[in-house]
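Colleague: This is the structure, below, for whatever I ask next.
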Number of protein chains: 2
Amino acid sequence: MSSVRIGGSAEDRIRNGARWTRIKRSARLGLLFAAVVEAIIPFAAQSADDLKLPASFRHWYHVNTMIIDKDSPLFEAMGGMHNVYINSTGEAALKKGGPYPDKTVFLVDLHEFTISDGSYVEGPRKVTAVMLKDKKKYAATGGWGFQAWAGGDPSKPLVTDPTKQCFECHQPKKDQDYVYSTYIP
Amino acid sequence: MSSVRIGGSAEDRIRNGARWTRIKRSARLGLLFAAVVEAIIPFAAQSADDLKLPASFRHWYHVNTMIIDKDSPLFEAMGGMHNVYINSTGEAALKKGGPYPDKTVFLVDLHEFTISDGSYVEGPRKVTAVMLKDKKKYAATGGWGFQAWAGGDPSKPLVTDPTKQCFECHQPKKDQDYVYSTYIP
């Protein structure tokens with residue numbers, strides 16, 4: 001049985017660094033949350049605002065899952081299994097394709113994965129990323145605040161420049177209120 | 001951009017048929033729910049008992065996701081993206097690795113997926129499968145009742161012989177109360 005381990009810790013990813021040109025390509029590839037991109041940007045990370053890691057997201061509505069594999073140009077930046085959730089505030093809007101009311105939160109729980117004989121199996125957490133809707137507070141970034149935490153650890157925020165690290169890749173989805181995820185019945 | 005569509009409808013799978021020897025291999029590959037296997041068995045399907053398709057499972061706890069790709073020997077039988085959920089009755093037991101109390105339900109929501117430049121993106125539903133714990137009623141199959149529905153359609157049950165179609169592949173996981181899924185924090 002062949003077995004391949006995909007990705008290391010979020011910290012490894014940060015050390016590896018990445019090319020912004022690579023991140024630019026992300027838009028056309030249907031990224032769910034470019035917020036995760038910051039996981040590889042070698043900044044000294046500080047929380048830029050009061051965005052918090054939600055404690056209960058595993059009980060939220062599971063929107064979809066996406067895997068970014070080693071064949072993707074995004075692998076270095078965002079490789080892994082992306083489990084996407086939404087809080088109850090945004091559920092009705094998700095089914096309509098947006099726009100989303102204030103206090104909507106999307107969350108990506110990004111995990112490593114292993115491949116064994118063609119089965120892609122979920123592994124440990126790499127990064128947890130959120131986007132929180134507040135039209136006034138985050139007007140400069142489409143009404144969304146962005147943050148992410150290495151390993152899902154609230155003491156390890158990663159986003160210091162939400163415009164550059166997150167919002168630039170979400171701009172092409174303006175017609176979906178800057179959200180890549182769509183409702184899958 | 002390369003794009004590959006994986007899998008057809010559940011009905012297509014049934015027409016394709018499958019080899020039981022292939023299903024036998026499933027145990028060592030960490031299958032989550034062999035119940036899904038029946039989607040490819042060309043029986044005239046009738047619901048063998050009163051197992052029902054849960055209406056609200058998208059609000060249940062998302063246990064994990066697994067993809068079975070075309071490189072897997074299980075692809076013909078179970079190819080797709082397996083989103084696994086558990087009802088609230090079983091959550092505490094999941095975190096301990098079982099055993100599970102009566103009325104626990106595990107559910108696999110099996111979807112097609114497409115691959116674009118190394119990104120595996122969730123598509124439409126193929127099959128929804130459940131296993132329901134009732135130690136007395138389902139004593140002959142490890143205390144679990146099994147059923148699945150083509151396309152998630154309650155009028156299209158697929159399991160007619162739960163021992164052969166489902167339980168035989170779950171037997172190797174007796175030490176986890178016949179459940180393949182494990183808790184991923």
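Residue names in the structure tokens use chain letters A, B, ... in the order shown, residue numbers from 1 in each chain, and ligand numbers from 1 in the order shown.
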Kindly provide the residues of chain A that approach chain B to within 7 Å, each paired with its closest atom pair and their distance in Å to one decimal, based on only C-alpha atoms, listed by chain and increasing number, as a tab-separated table.
Modeller:
```
residue	atom	partner	partner_atom	distance
A:Arg58	CA	B:Tyr61	CA	6.2
A:His59	CA	B:Tyr61	CA	5.2
A:Trp60	CA	B:His59	CA	6.8
A:Tyr61	CA	B:His59	CA	5.2
A:His62	CA	B:Arg58	CA	6.6
A:Asn64	CA	B:Glu122	CA	6.7
A:Thr65	CA	B:Glu122	CA	6.3
A:Met66	CA	B:Val121	CA	5.0
A:Ile67	CA	B:Tyr120	CA	4.9
A:Ile68	CA	B:Ser119	CA	4.5
A:Asp69	CA	B:Gly118	CA	5.1
A:Lys70	CA	B:Gly118	CA	6.6
A:Asp71	CA	B:Gly118	CA	4.5
A:Ser72	CA	B:Gly118	CA	4.1
A:Asp117	CA	B:Ser72	CA	5.2
A:Gly118	CA	B:Ser72	CA	4.1
A:Ser119	CA	B:Ile68	CA	4.6
A:Tyr120	CA	B:Ile67	CA	4.9
A:Val121	CA	B:Met66	CA	5.0
A:Glu122	CA	B:Thr65	CA	6.3
A:Pro124	CA	B:Ile184	CA	7.0
A:Ile184	CA	B:Pro124	CA	6.9
```
Colleague: List the spatial neighbours of segment 132-136 of chain A as an NGL selection string - criterion: any atom at most 7 Å away, only C-alpha atoms, same-chain residues fewer than 2 positions off excluded.
Modeller: :A and (101-106 or 130 or 138-139 or 143-146)
Colleague: Using backbone DSSP assignments, extract all helix (DSSP H, G or I) residues from segment 61-185 of chain B; output them as a ChimeraX atom specification.
Modeller: /B:75-78,88-96,139-141,162-176
Colleague: Would you compute the distance between atom CA of Thr182 of chain B and atom CA of Val108 of chain A? Give it in Å to one decimal.
Modeller: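 Separating atom CA of Thr182 of chain B from atom CA of Val108 of chain A is a distance of 20.4 Å.
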Colleague: Separation of atom CA of Ser155 of chain B and atom CA of Pro54 of chain B, in Å?
Modeller: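 Spanning atom CA of Ser155 of chain B to atom CA of Pro54 of chain B is a straight-line distance of 13.2 Å.
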